[in-house]
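Here's structure-v1.cif, which has mmCIF, C-alpha atoms:
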```cif
data_protein
#
loop_
_atom_site.group_PDB
_atom_site.id
_atom_site.type_symbol
_atom_site.label_atom_id
_atom_site.label_comp_id
_atom_site.auth_asym_id
_atom_site.auth_seq_id
_atom_site.Cartn_x
_atom_site.Cartn_y
_atom_site.Cartn_z
ATOM 1 C CA MET W 220 -6.977 16.231 -18.665
ATOM 2 C CA GLY W 221 -6.113 17.606 -22.103
ATOM 3 C CA GLU W 222 -8.028 20.078 -24.212
ATOM 4 C CA ILE W 223 -11.108 18.724 -25.977
ATOM 5 C CA LEU W 224 -10.784 18.596 -29.758
ATOM 6 C CA ASP W 225 -13.881 20.093 -31.408
ATOM 7 C CA LEU W 226 -14.867 18.087 -34.491
ATOM 8 C CA GLN W 227 -17.922 19.632 -36.127
ATOM 9 C CA THR W 228 -17.824 18.097 -39.600
ATOM 10 C CA ILE W 229 -17.043 14.775 -41.221
ATOM 11 C CA HIS W 230 -14.088 16.470 -42.915
ATOM 12 C CA ASP W 231 -12.766 17.580 -39.504
ATOM 13 C CA TYR W 232 -12.785 13.962 -38.342
ATOM 14 C CA ASN W 233 -11.175 12.638 -41.505
ATOM 15 C CA THR W 234 -8.477 15.300 -41.258
ATOM 16 C CA PHE W 235 -7.802 14.258 -37.647
ATOM 17 C CA LEU W 236 -7.364 10.656 -38.840
ATOM 18 C CA GLY W 237 -5.448 11.570 -41.982
ATOM 19 C CA LEU W 238 -8.103 10.119 -44.284
ATOM 20 C CA GLU W 239 -9.735 11.334 -47.497
ATOM 21 C CA THR W 240 -13.285 12.720 -47.361
ATOM 22 C CA LEU W 241 -15.443 10.988 -49.956
ATOM 23 C CA ASN W 242 -18.705 12.605 -48.882
ATOM 24 C CA PRO W 243 -19.019 15.733 -46.707
ATOM 25 C CA MET W 244 -22.112 14.346 -44.934
ATOM 26 C CA VAL W 245 -21.082 10.751 -44.182
ATOM 27 C CA GLY W 246 -17.926 8.707 -43.720
ATOM 28 C CA LEU W 247 -16.957 5.087 -43.179
ATOM 29 C CA VAL W 248 -13.663 4.626 -41.306
ATOM 30 C CA ASP W 249 -11.533 1.491 -41.430
ATOM 31 C CA PHE W 250 -9.076 2.101 -38.615
ATOM 32 C CA SER W 251 -6.616 -0.419 -40.055
ATOM 33 C CA LYS W 252 -5.862 2.298 -42.634
ATOM 34 C CA VAL W 253 -4.861 4.692 -39.855
ATOM 35 C CA LYS W 254 -1.185 4.146 -39.023
ATOM 36 C CA VAL W 255 -1.255 5.901 -35.659
ATOM 37 C CA LEU W 256 -4.342 6.996 -33.747
ATOM 38 C CA PRO W 257 -3.626 9.973 -31.427
ATOM 39 C CA HIS W 258 -5.375 9.814 -28.077
ATOM 40 C CA ARG W 259 -7.611 12.868 -27.731
ATOM 41 C CA ARG W 260 -10.917 13.668 -26.120
ATOM 42 C CA LYS W 261 -13.231 14.845 -28.866
ATOM 43 C CA CYS W 262 -16.536 16.692 -29.003
ATOM 44 C CA PHE W 263 -18.514 15.269 -31.910
ATOM 45 C CA GLY W 264 -20.747 17.485 -34.047
ATOM 46 C CA PHE W 265 -22.214 14.434 -35.780
ATOM 47 C CA TYR W 266 -23.510 10.922 -35.119
ATOM 48 C CA ALA W 267 -20.890 8.191 -34.765
ATOM 49 C CA ILE W 268 -21.150 4.414 -34.465
ATOM 50 C CA PHE W 269 -17.909 2.721 -33.446
ATOM 51 C CA LEU W 270 -17.219 -0.980 -33.750
ATOM 52 C CA LYS W 271 -14.317 -1.403 -31.336
ATOM 53 C CA GLU W 272 -11.820 -4.173 -32.110
ATOM 54 C CA LYS W 273 -8.367 -3.214 -30.870
ATOM 55 C CA ILE W 274 -7.988 -0.644 -28.129
ATOM 56 C CA HIS W 275 -5.145 0.282 -25.819
ATOM 57 C CA GLY W 276 -6.206 1.806 -22.517
ATOM 58 C CA PRO W 277 -9.538 2.923 -21.105
ATOM 59 C CA ILE W 278 -11.680 5.262 -23.165
ATOM 60 C CA THR W 279 -13.332 8.281 -21.618
ATOM 61 C CA TYR W 280 -17.002 8.450 -22.505
ATOM 62 C CA GLY W 281 -18.946 11.272 -20.880
ATOM 63 C CA ARG W 282 -17.706 11.389 -17.286
ATOM 64 C CA SER W 283 -16.667 7.728 -17.101
ATOM 65 C CA LYS W 284 -13.774 5.537 -18.184
ATOM 66 C CA TYR W 285 -14.368 2.112 -19.622
ATOM 67 C CA ASP W 286 -12.323 -0.777 -21.010
ATOM 68 C CA TYR W 287 -14.274 -1.921 -24.018
ATOM 69 C CA GLN W 288 -14.397 -5.536 -25.111
ATOM 70 C CA GLU W 289 -13.618 -6.384 -28.709
ATOM 71 C CA GLY W 290 -16.747 -6.318 -30.845
ATOM 72 C CA THR W 291 -18.368 -3.582 -28.743
ATOM 73 C CA LEU W 292 -20.625 -1.069 -30.475
ATOM 74 C CA VAL W 293 -20.597 2.466 -29.111
ATOM 75 C CA PHE W 294 -23.077 5.131 -30.222
ATOM 76 C CA ILE W 295 -22.365 8.855 -29.997
ATOM 77 C CA ALA W 296 -24.786 11.679 -30.770
ATOM 78 C CA PRO W 297 -23.913 15.262 -31.734
ATOM 79 C CA GLY W 298 -22.627 17.244 -28.759
ATOM 80 C CA GLN W 299 -21.271 14.248 -26.850
ATOM 81 C CA VAL W 300 -17.643 13.916 -25.796
ATOM 82 C CA GLY W 301 -15.555 10.745 -26.012
ATOM 83 C CA GLY W 302 -12.027 9.465 -26.517
ATOM 84 C CA ILE W 303 -8.821 8.538 -24.695
ATOM 85 C CA ASP W 304 -7.175 11.424 -22.851
ATOM 86 C CA ASP W 305 -3.819 10.007 -21.752
ATOM 87 C CA ASP W 306 -1.789 11.947 -24.380
ATOM 88 C CA GLY W 307 -0.709 8.630 -25.887
ATOM 89 C CA GLU W 308 -1.409 6.963 -29.198
ATOM 90 C CA THR W 309 -2.479 3.605 -30.614
ATOM 91 C CA PRO W 310 -0.288 2.243 -33.421
ATOM 92 C CA ASN W 311 -2.024 0.128 -36.056
ATOM 93 C CA PRO W 312 -5.541 0.469 -34.599
ATOM 94 C CA GLN W 313 -8.318 -1.926 -35.603
ATOM 95 C CA GLY W 314 -12.032 -1.341 -35.882
ATOM 96 C CA HIS W 315 -14.569 0.597 -37.895
ATOM 97 C CA ALA W 316 -16.729 3.668 -37.556
ATOM 98 C CA LEU W 317 -19.711 5.112 -39.362
ATOM 99 C CA VAL W 318 -20.035 8.878 -38.988
ATOM 100 C CA PHE W 319 -22.856 10.959 -40.410
ATOM 101 C CA HIS W 320 -23.874 14.580 -40.017
ATOM 102 C CA PRO W 321 -27.407 15.467 -38.832
ATOM 103 C CA ASP W 322 -27.896 17.394 -42.077
ATOM 104 C CA LEU W 323 -27.646 14.107 -44.000
ATOM 105 C CA ILE W 324 -30.924 12.865 -42.534
ATOM 106 C CA ARG W 325 -32.676 16.207 -42.031
ATOM 107 C CA GLY W 326 -36.134 16.122 -43.612
ATOM 108 C CA THR W 327 -36.125 12.330 -44.015
ATOM 109 C CA SER W 328 -38.255 9.739 -42.234
ATOM 110 C CA LEU W 329 -35.106 8.617 -40.401
ATOM 111 C CA ALA W 330 -34.760 12.050 -38.805
ATOM 112 C CA HIS W 331 -38.197 11.616 -37.241
ATOM 113 C CA ARG W 332 -37.269 8.130 -36.033
ATOM 114 C CA MET W 333 -33.953 9.034 -34.392
ATOM 115 C CA ARG W 334 -35.623 9.451 -30.991
ATOM 116 C CA GLU W 335 -36.518 5.729 -31.178
ATOM 117 C CA TYR W 336 -32.816 4.846 -31.193
ATOM 118 C CA THR W 337 -32.399 5.672 -27.528
ATOM 119 C CA PHE W 338 -29.015 3.917 -27.379
ATOM 120 C CA PHE W 339 -27.419 7.134 -28.662
ATOM 121 C CA SER W 340 -28.027 8.475 -25.142
ATOM 122 C CA TYR W 341 -26.871 5.415 -23.189
ATOM 123 C CA GLU W 342 -23.943 5.595 -20.809
ATOM 124 C CA VAL W 343 -20.616 3.872 -21.303
ATOM 125 C CA ASN W 344 -21.390 0.767 -19.241
ATOM 126 C CA GLU W 345 -24.507 0.228 -21.357
ATOM 127 C CA ALA W 346 -22.653 -0.317 -24.655
ATOM 128 C CA LEU W 347 -23.753 -3.091 -27.016
ATOM 129 C CA HIS W 348 -21.619 -6.241 -26.953
ATOM 130 C CA THR W 349 -22.118 -8.037 -30.261
ATOM 131 C CA SER W 350 -21.961 -11.730 -31.035
ATOM 132 C CA GLU W 351 -19.831 -12.753 -34.014
ATOM 133 C CA ARG W 352 -22.937 -13.085 -36.161
ATOM 134 C CA GLU W 353 -24.149 -9.628 -35.121
ATOM 135 C CA ARG W 354 -20.700 -8.207 -35.784
ATOM 136 C CA GLN W 355 -20.808 -9.596 -39.328
ATOM 137 C CA THR W 356 -24.235 -8.034 -39.843
ATOM 138 C CA VAL W 357 -22.855 -4.642 -38.783
ATOM 139 C CA LEU W 358 -19.866 -5.039 -41.083
ATOM 140 C CA GLY W 359 -22.237 -5.977 -43.901
ATOM 141 C CA CYS W 360 -24.196 -2.753 -43.396
ATOM 142 C CA PHE W 361 -20.958 -0.782 -43.283
ATOM 143 C CA GLY W 362 -19.944 -2.464 -46.541
ATOM 144 C CA GLU W 363 -23.165 -1.410 -48.287
ATOM 145 C CA ILE W 364 -22.615 2.191 -47.226
ATOM 146 C CA GLU W 365 -18.952 2.105 -48.236
ATOM 147 C CA GLU W 366 -19.852 0.806 -51.692
ATOM 148 C CA GLU W 367 -22.239 3.726 -52.168
ATOM 149 C CA LEU W 368 -19.584 6.187 -50.980
ATOM 150 C CA HIS W 369 -17.319 5.028 -53.785
ATOM 151 C CA HIS W 370 -20.121 5.532 -56.305
ATOM 152 C CA SER W 371 -20.306 8.904 -58.030
ATOM 153 C CA ILE W 372 -22.640 11.203 -56.086
ATOM 154 C CA ASP W 373 -25.991 11.519 -57.852
ATOM 155 C CA LYS W 374 -29.635 12.193 -56.971
ATOM 156 C CA HIS W 375 -29.989 8.702 -55.484
ATOM 157 C CA SER W 376 -26.902 8.729 -53.250
ATOM 158 C CA ARG W 377 -28.456 10.343 -50.206
ATOM 159 C CA SER W 378 -31.604 8.204 -50.104
ATOM 160 C CA ILE W 379 -29.609 4.980 -50.545
ATOM 161 C CA ILE W 380 -27.114 5.871 -47.799
ATOM 162 C CA VAL W 381 -29.848 7.003 -45.398
ATOM 163 C CA ALA W 382 -31.819 3.814 -46.054
ATOM 164 C CA ASN W 383 -28.751 1.706 -45.228
ATOM 165 C CA ILE W 384 -28.127 3.671 -42.026
ATOM 166 C CA GLU W 385 -31.733 3.035 -40.995
ATOM 167 C CA VAL W 386 -31.343 -0.694 -41.666
ATOM 168 C CA LEU W 387 -28.210 -0.729 -39.485
ATOM 169 C CA LEU W 388 -29.947 1.117 -36.639
ATOM 170 C CA ASN W 389 -32.910 -1.271 -36.808
ATOM 171 C CA HIS W 390 -30.503 -4.212 -36.512
ATOM 172 C CA CYS W 391 -28.999 -2.524 -33.452
ATOM 173 C CA LEU W 392 -32.459 -2.274 -31.875
ATOM 174 C CA ARG W 393 -32.778 -6.031 -32.344
ATOM 175 C CA PHE W 394 -29.306 -6.642 -30.888
ATOM 176 C CA TYR W 395 -30.159 -4.585 -27.813
ATOM 177 C CA ASP W 396 -33.365 -6.599 -27.375
ATOM 178 C CA ARG W 397 -31.184 -9.701 -27.350
ATOM 179 C CA GLN W 398 -28.799 -8.137 -24.844
ATOM 180 C CA PHE W 399 -31.660 -7.173 -22.535
ATOM 181 C CA ALA W 400 -32.981 -10.743 -22.780
ATOM 182 C CA THR W 401 -29.632 -12.433 -22.096
ATOM 183 C CA ARG W 402 -29.143 -10.225 -19.041
ATOM 184 C CA GLU W 403 -32.569 -11.066 -17.627
ATOM 185 C CA ALA W 404 -31.244 -12.228 -14.241
ATOM 186 C CA ILE W 405 -29.239 -9.012 -13.824
ATOM 187 C CA ASN W 406 -32.190 -6.939 -14.977
ATOM 188 C CA SER W 407 -34.515 -8.653 -12.480
ATOM 189 C CA ASP W 408 -32.173 -7.519 -9.722
ATOM 190 C CA VAL W 409 -32.371 -3.980 -11.105
ATOM 191 C CA LEU W 410 -36.175 -4.091 -10.909
ATOM 192 C CA THR W 411 -36.010 -5.309 -7.324
ATOM 193 C CA ARG W 412 -33.679 -2.436 -6.442
ATOM 194 C CA PHE W 413 -35.977 -0.021 -8.318
ATOM 195 C CA GLU W 414 -38.947 -1.116 -6.200
ATOM 196 C CA ALA W 415 -36.907 -0.821 -2.995
ATOM 197 C CA LEU W 416 -35.693 2.632 -4.048
ATOM 198 C CA LEU W 417 -39.260 3.843 -4.610
ATOM 199 C CA ALA W 418 -40.447 2.385 -1.315
ATOM 200 C CA GLY W 419 -37.606 4.039 0.574
ATOM 201 C CA TYR W 420 -38.248 7.376 -1.122
ATOM 202 C CA LEU W 421 -41.994 7.357 -0.477
ATOM 203 C CA ASN W 422 -41.527 6.292 3.150
ATOM 204 C CA SER W 423 -39.203 9.235 3.809
ATOM 205 C CA ARG W 424 -39.640 12.997 3.861
ATOM 206 C CA GLN W 425 -38.017 13.322 0.424
ATOM 207 C CA PRO W 426 -41.337 13.715 -1.431
ATOM 208 C CA ILE W 427 -42.196 16.743 0.743
ATOM 209 C CA MET W 428 -38.812 18.330 0.054
ATOM 210 C CA GLN W 429 -38.165 17.195 -3.533
ATOM 211 C CA GLY W 430 -41.518 16.199 -5.026
ATOM 212 C CA LEU W 431 -42.320 13.036 -6.949
ATOM 213 C CA PRO W 432 -39.362 10.811 -7.881
ATOM 214 C CA SER W 433 -38.460 11.181 -11.563
ATOM 215 C CA VAL W 434 -37.236 8.503 -13.947
ATOM 216 C CA ALA W 435 -33.945 10.397 -14.295
ATOM 217 C CA TRP W 436 -33.462 10.470 -10.507
ATOM 218 C CA CYS W 437 -34.206 6.754 -10.149
ATOM 219 C CA ALA W 438 -31.870 5.902 -13.038
ATOM 220 C CA ASP W 439 -29.083 7.983 -11.505
ATOM 221 C CA GLN W 440 -29.505 6.309 -8.120
ATOM 222 C CA LEU W 441 -29.243 2.905 -9.821
ATOM 223 C CA HIS W 442 -26.255 4.049 -11.947
ATOM 224 C CA PHE W 443 -27.930 3.998 -15.353
ATOM 225 C CA SER W 444 -28.678 6.586 -17.975
ATOM 226 C CA ALA W 445 -32.356 7.556 -18.046
ATOM 227 C CA ASN W 446 -32.840 6.152 -21.549
ATOM 228 C CA TYR W 447 -31.206 2.791 -20.869
ATOM 229 C CA PHE W 448 -33.063 2.414 -17.576
ATOM 230 C CA GLY W 449 -36.377 3.273 -19.226
ATOM 231 C CA ASP W 450 -35.772 0.774 -22.021
ATOM 232 C CA LEU W 451 -34.672 -1.930 -19.567
ATOM 233 C CA VAL W 452 -37.807 -1.553 -17.427
ATOM 234 C CA LYS W 453 -40.084 -1.495 -20.482
ATOM 235 C CA LYS W 454 -38.475 -4.601 -22.021
ATOM 236 C CA GLN W 455 -38.594 -6.476 -18.723
ATOM 237 C CA THR W 456 -42.097 -5.607 -17.543
ATOM 238 C CA GLY W 457 -44.083 -4.169 -20.439
ATOM 239 C CA LYS W 458 -44.654 -1.001 -18.409
ATOM 240 C CA SER W 459 -42.669 2.215 -18.608
ATOM 241 C CA ALA W 460 -40.558 3.418 -15.699
ATOM 242 C CA ILE W 461 -42.915 6.345 -15.101
ATOM 243 C CA GLU W 462 -45.850 3.914 -14.935
ATOM 244 C CA HIS W 463 -43.990 1.973 -12.219
ATOM 245 C CA ILE W 464 -43.394 5.199 -10.317
ATOM 246 C CA HIS W 465 -47.065 6.160 -10.593
ATOM 247 C CA LEU W 466 -48.187 2.709 -9.405
ATOM 248 C CA ALA W 467 -45.876 2.940 -6.377
ATOM 249 C CA VAL W 468 -47.220 6.412 -5.572
ATOM 250 C CA ILE W 469 -50.841 5.289 -5.931
ATOM 251 C CA SER W 470 -50.170 2.309 -3.660
ATOM 252 C CA LYS W 471 -48.767 4.661 -1.044
ATOM 253 C CA VAL W 472 -51.750 6.984 -1.414
ATOM 254 C CA LYS W 473 -54.153 4.058 -0.911
ATOM 255 C CA ASP W 474 -52.368 3.185 2.326
ATOM 256 C CA ARG W 475 -52.625 6.778 3.575
ATOM 257 C CA LEU W 476 -56.294 7.012 2.611
ATOM 258 C CA LEU W 477 -57.190 3.936 4.650
ATOM 259 C CA GLU W 478 -54.742 4.271 7.537
ATOM 260 C CA THR W 479 -55.328 7.968 8.300
ATOM 261 C CA ASN W 480 -58.088 10.547 8.221
ATOM 262 C CA LYS W 481 -55.920 13.080 6.406
ATOM 263 C CA THR W 482 -57.443 15.003 3.525
ATOM 264 C CA VAL W 483 -56.546 14.234 -0.079
ATOM 265 C CA SER W 484 -54.684 17.549 -0.180
ATOM 266 C CA GLU W 485 -52.564 16.607 2.834
ATOM 267 C CA ILE W 486 -51.767 13.180 1.373
ATOM 268 C CA ALA W 487 -50.946 14.702 -2.005
ATOM 269 C CA TYR W 488 -48.405 16.980 -0.335
ATOM 270 C CA GLU W 489 -46.891 14.064 1.614
ATOM 271 C CA VAL W 490 -46.254 11.953 -1.497
ATOM 272 C CA GLY W 491 -44.788 14.794 -3.550
ATOM 273 C CA PHE W 492 -47.598 16.412 -5.538
ATOM 274 C CA GLN W 493 -47.423 20.176 -5.765
ATOM 275 C CA TYR W 494 -51.110 20.438 -6.613
ATOM 276 C CA PRO W 495 -53.738 18.074 -5.104
ATOM 277 C CA HIS W 496 -55.817 17.942 -8.284
ATOM 278 C CA HIS W 497 -52.843 16.331 -10.068
ATOM 279 C CA LEU W 498 -53.048 13.447 -7.601
ATOM 280 C CA SER W 499 -56.813 13.181 -8.014
ATOM 281 C CA ARG W 500 -56.460 13.074 -11.811
ATOM 282 C CA LEU W 501 -53.753 10.365 -11.715
ATOM 283 C CA PHE W 502 -55.644 8.347 -9.091
ATOM 284 C CA LYS W 503 -58.829 8.403 -11.177
ATOM 285 C CA LYS W 504 -56.886 7.368 -14.269
ATOM 286 C CA VAL W 505 -55.167 4.418 -12.552
ATOM 287 C CA VAL W 506 -57.849 3.250 -10.092
ATOM 288 C CA GLY W 507 -61.030 4.321 -11.844
ATOM 289 C CA GLN W 508 -62.237 6.259 -8.795
ATOM 290 C CA THR W 509 -61.382 9.506 -7.075
ATOM 291 C CA PRO W 510 -59.365 9.192 -3.830
ATOM 292 C CA ASN W 511 -62.429 10.044 -1.740
ATOM 293 C CA GLU W 512 -64.582 7.534 -3.610
ATOM 294 C CA TYR W 513 -61.947 4.864 -3.033
ATOM 295 C CA ARG W 514 -61.725 5.684 0.684
ATOM 296 C CA ALA W 515 -65.502 5.627 1.141
ATOM 297 C CA GLN W 516 -65.953 2.336 -0.700
ATOM 298 C CA ALA W 517 -63.022 0.590 1.036
ATOM 299 C CA ARG W 518 -64.212 1.651 4.497
ATOM 300 C CA ALA W 519 -67.768 0.573 3.763
ATOM 301 C CA VAL W 520 -66.725 -3.023 3.171
#
```

For this file, produce the structure as structure tokens.
Amino acid sequence: MGEILDLQTIHDYNTFLGLETLNPMVGLVDFSKVKVLPHRRKCFGFYAIFLKEKIHGPITYGRSKYDYQEGTLVFIAPGQVGGIDDDGETPNPQGHALVFHPDLIRGTSLAHRMREYTFFSYEVNEALHTSERERQTVLGCFGEIEEELHHSIDKHSRSIIVANIEVLLNHCLRFYDRQFATREAINSDVLTRFEALLAGYLNSRQPIMQGLPSVAWCADQLHFSANYFGDLVKKQTGKSAIEHIHLAVISKVKDRLLETNKTVSEIAYEVGFQYPHHLSRLFKKVVGQTPNEYRAQARAV
């Protein structure tokens, strides 16, 4: 594996590609203007949105390798590593990229919304595969930004560019909603495996040794990033992944309350709570009663 190329600025990236920098905070790359694309793993100091169209060989993204389909959108956040690391090169590459530095959006409403665009933290196998119509929408947004980049920089430049980036990201949210919907059968299987995973965990000694199962742990066991898994569960069921975990835990607690004479403290320890009052608080929130109230009422019936 070769050395990782550290690209901290938009100018760094343009220099790597042999392109002119029109704006130090944002760039729009048309890879057809790059004669030869060297294969390097790169650490990005900025946001990048790649529309992949012609690729030779698998790309390393994080710790994984992936053969992208044409028309795939890949999102990279500052600090992430990606690229091809086979020491080769791609002649006459095709595709586009929008790159923008965090300082471009700092202090804007978009900066506060960036956490909503969770796809910047998705894993490689969770990339967005666009339809032709969606691809044209992306290219249209790129075109609006490119037109502004060729305009003389003035007091309106930043707000116009940022507004166009936000429009693009909102389109991508819609496209991901479509992708979640079209993969409903696959996603239903994921939910089934999620439920089985929770049941297996809670029926073992893992809660005593490791505590409550986390969303990140469940996602990792099911081979997803935490963000993608959380979004998938929310889109599919209307409830967050942590809500599903809490419901599974409460169901297990109900069983233990009625099937044993163990104290709430003992049961709390068995299902992974470090402090019994945390269980009592969650139980009251979900069930509307304390564990002891639930036990007394259920046994009185």

query: Mind telling me what the PyMOL selection byres ((chain W and resi 306) around 10) catches here, as a ChimeraX atom specification?
result: /W:220-221,257-260,303-305,307-308

- request: Could you expand the PyMOL selection byres ((chain W and resi 460-465) around 8) into the explicit residues it covers here, written as a PyMOL selection string?
  value: chain W and resi 417+432-434+448-449+452-453+458-459+466-469+501

query: Got a sec: who's within 7 Å of Gly430 of chain W, counting all atoms listed in the file, leaving out chain neighbours fewer than 4 positions off, as number ranges by chain?
result: W: 426, 491-492

Give me the result of the PyMOL selection byres ((chain W and resi 261) around 8) on this file, residue by residue, as a tab-separated table (two decimals) with C-alpha atoms, in the coordinates of the input.
```
chain	number	residue	atom	x	y	z
W	223	ILE	CA	-11.11	18.72	-25.98
W	224	LEU	CA	-10.78	18.60	-29.76
W	225	ASP	CA	-13.88	20.09	-31.41
W	226	LEU	CA	-14.87	18.09	-34.49
W	259	ARG	CA	-7.61	12.87	-27.73
W	260	ARG	CA	-10.92	13.67	-26.12
W	262	CYS	CA	-16.54	16.69	-29.00
W	263	PHE	CA	-18.51	15.27	-31.91
W	300	VAL	CA	-17.64	13.92	-25.80
W	301	GLY	CA	-15.56	10.74	-26.01
W	302	GLY	CA	-12.03	9.46	-26.52
```

task: Compile the contact shell of Tyr341 of chain W as number ranges by chain: residues with an atom at most 12 Å away, counting all atoms listed in the file, same-chain residues fewer than 6 positions apart removed.
output: W: 280-281, 292-296, 299, 347, 395, 438, 442-451

Store the residues picked out above, limited to C-alpha atoms, as a PDB file, keeping the file's coordinate frame.
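Saved to again.pdb:
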```pdb
ATOM      1  CA  TYR W 280     -17.002   8.450 -22.505  1.00  0.00           C
ATOM      2  CA  GLY W 281     -18.946  11.272 -20.880  1.00  0.00           C
ATOM      3  CA  LEU W 292     -20.625  -1.069 -30.475  1.00  0.00           C
ATOM      4  CA  VAL W 293     -20.597   2.466 -29.111  1.00  0.00           C
ATOM      5  CA  PHE W 294     -23.077   5.131 -30.222  1.00  0.00           C
ATOM      6  CA  ILE W 295     -22.365   8.855 -29.997  1.00  0.00           C
ATOM      7  CA  ALA W 296     -24.786  11.679 -30.770  1.00  0.00           C
ATOM      8  CA  GLN W 299     -21.271  14.248 -26.850  1.00  0.00           C
ATOM      9  CA  LEU W 347     -23.753  -3.091 -27.016  1.00  0.00           C
ATOM     10  CA  TYR W 395     -30.159  -4.585 -27.813  1.00  0.00           C
ATOM     11  CA  ALA W 438     -31.870   5.902 -13.038  1.00  0.00           C
ATOM     12  CA  HIS W 442     -26.255   4.049 -11.947  1.00  0.00           C
ATOM     13  CA  PHE W 443     -27.930   3.998 -15.353  1.00  0.00           C
ATOM     14  CA  SER W 444     -28.678   6.586 -17.975  1.00  0.00           C
ATOM     15  CA  ALA W 445     -32.356   7.556 -18.046  1.00  0.00           C
ATOM     16  CA  ASN W 446     -32.840   6.152 -21.549  1.00  0.00           C
ATOM     17  CA  TYR W 447     -31.206   2.791 -20.869  1.00  0.00           C
ATOM     18  CA  PHE W 448     -33.063   2.414 -17.576  1.00  0.00           C
ATOM     19  CA  GLY W 449     -36.377   3.273 -19.226  1.00  0.00           C
ATOM     20  CA  ASP W 450     -35.772   0.774 -22.021  1.00  0.00           C
ATOM     21  CA  LEU W 451     -34.672  -1.930 -19.567  1.00  0.00           C
TER      22      LEU W 451
END
```

query: List as an MDAnalysis selection string: which residues have an atom within 9 Å of (-45.8, 15.4, -2.2), counting only C-alpha atoms?
result: chainID W and resid 424:431 485:495

Mind dumping the selected residues with C-alpha atoms as a compact mmCIF listing (two decimals), in the frame of the given file?
```txt
# COMPACT_ATOMS: atom_id res chain seq x y z
CA ARG W 424 -39.64 13.00 3.86
CA GLN W 425 -38.02 13.32 0.42
CA PRO W 426 -41.34 13.72 -1.43
CA ILE W 427 -42.20 16.74 0.74
CA MET W 428 -38.81 18.33 0.05
CA GLN W 429 -38.16 17.20 -3.53
CA GLY W 430 -41.52 16.20 -5.03
CA LEU W 431 -42.32 13.04 -6.95
CA GLU W 485 -52.56 16.61 2.83
CA ILE W 486 -51.77 13.18 1.37
CA ALA W 487 -50.95 14.70 -2.00
CA TYR W 488 -48.40 16.98 -0.34
CA GLU W 489 -46.89 14.06 1.61
CA VAL W 490 -46.25 11.95 -1.50
CA GLY W 491 -44.79 14.79 -3.55
CA PHE W 492 -47.60 16.41 -5.54
CA GLN W 493 -47.42 20.18 -5.76
CA TYR W 494 -51.11 20.44 -6.61
CA PRO W 495 -53.74 18.07 -5.10
```

- prompt: Can you list, as a list in words, every protein, DNA or RNA residue that comes within 12 Å of Ala400 of chain W when you count all atoms listed in the file, leaving out same-chain residues fewer than 3 positions away?
  reply: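 Near neighbours after the sequence-gap exclusion: Arg393, Phe394, Tyr395, Asp396, Arg397, Glu403, Ala404, Ile405, Asn406, Ser407, Asp450, Leu451, Val452, Lys453, Lys454, Gln455 and Thr456 of chain W.
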
query: What lies within 7 Å of Asn383 of chain W using only C-alpha atoms, ignoring chain neighbours under 4 positions off, as a PyMOL selection string?
result: chain W and resi 360+364+379+387

message: Would you compute the distance between atom CA of His496 of chain W and atom CA of Leu421 of chain W? Give it in Å to one decimal.
response: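 Between these atoms lies a distance of 19.1 Å.
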
Work out where the centre of an axis-aligned box around every listed atom of segment 230-237 of chain W lies and how long its edges are once 5 Å is added on each side; give both in Å to one decimal as JSON.
```
{"center_x": -9.8, "center_y": 14.1, "center_z": -40.3, "size_x": 18.6, "size_y": 16.9, "size_z": 15.3}
```

query: Which residue out of W:Glu385, W:Glu222, W:Asp231, W:Glu365 has the minimum interatomic distance to Thr327 of chain W when all atoms listed in the file are used?
result: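 Ranking W:Glu385, W:Glu222, W:Asp231, W:Glu365 by distance to Thr327 of chain W, first place goes to W:Glu385.
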
task: Neighbourhood query: residues within 7 Å of (-22.8, 5.5, -36.3), file coordinates, counting only C-alpha atoms; return as an NGL selection string.
output: :W and (266-269 or 294 or 316-319)

Shell of 8 Å around Gly314 of chain W, only C-alpha atoms, local chain residues under 6 positions omitted, as a VMD selection string: chain W and resid 249 to 251 269 to 273

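Here atom CA of Phe338 of chain W is placed at a distance of 24.8 Å from atom CA of Pro243 of chain W.
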
Generate the coordinates of N, CA and C atoms for segment 300-306 of chain W; report them as a PDB file, in the coordinates of the input.
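Okay, selection.pdb is ready:
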```pdb
ATOM      1  N   VAL W 300     -19.100  13.915 -25.869  1.00  0.00           N
ATOM      2  CA  VAL W 300     -17.643  13.916 -25.796  1.00  0.00           C
ATOM      3  C   VAL W 300     -17.150  12.507 -25.523  1.00  0.00           C
ATOM      4  N   GLY W 301     -16.123  12.066 -26.237  1.00  0.00           N
ATOM      5  CA  GLY W 301     -15.555  10.745 -26.012  1.00  0.00           C
ATOM      6  C   GLY W 301     -14.120  10.690 -26.488  1.00  0.00           C
ATOM      7  N   GLY W 302     -13.410   9.643 -26.082  1.00  0.00           N
ATOM      8  CA  GLY W 302     -12.027   9.465 -26.517  1.00  0.00           C
ATOM      9  C   GLY W 302     -11.115   9.089 -25.368  1.00  0.00           C
ATOM     10  N   ILE W 303      -9.852   8.849 -25.689  1.00  0.00           N
ATOM     11  CA  ILE W 303      -8.821   8.538 -24.695  1.00  0.00           C
ATOM     12  C   ILE W 303      -8.033   9.812 -24.428  1.00  0.00           C
ATOM     13  N   ASP W 304      -7.810  10.139 -23.159  1.00  0.00           N
ATOM     14  CA  ASP W 304      -7.175  11.424 -22.851  1.00  0.00           C
ATOM     15  C   ASP W 304      -5.857  11.259 -22.095  1.00  0.00           C
ATOM     16  N   ASP W 305      -5.084  10.233 -22.466  1.00  0.00           N
ATOM     17  CA  ASP W 305      -3.819  10.007 -21.752  1.00  0.00           C
ATOM     18  C   ASP W 305      -2.608  10.547 -22.503  1.00  0.00           C
ATOM     19  N   ASP W 306      -2.861  11.351 -23.566  1.00  0.00           N
ATOM     20  CA  ASP W 306      -1.789  11.947 -24.380  1.00  0.00           C
ATOM     21  C   ASP W 306      -0.934  10.905 -25.100  1.00  0.00           C
TER      22      ASP W 306
END
```
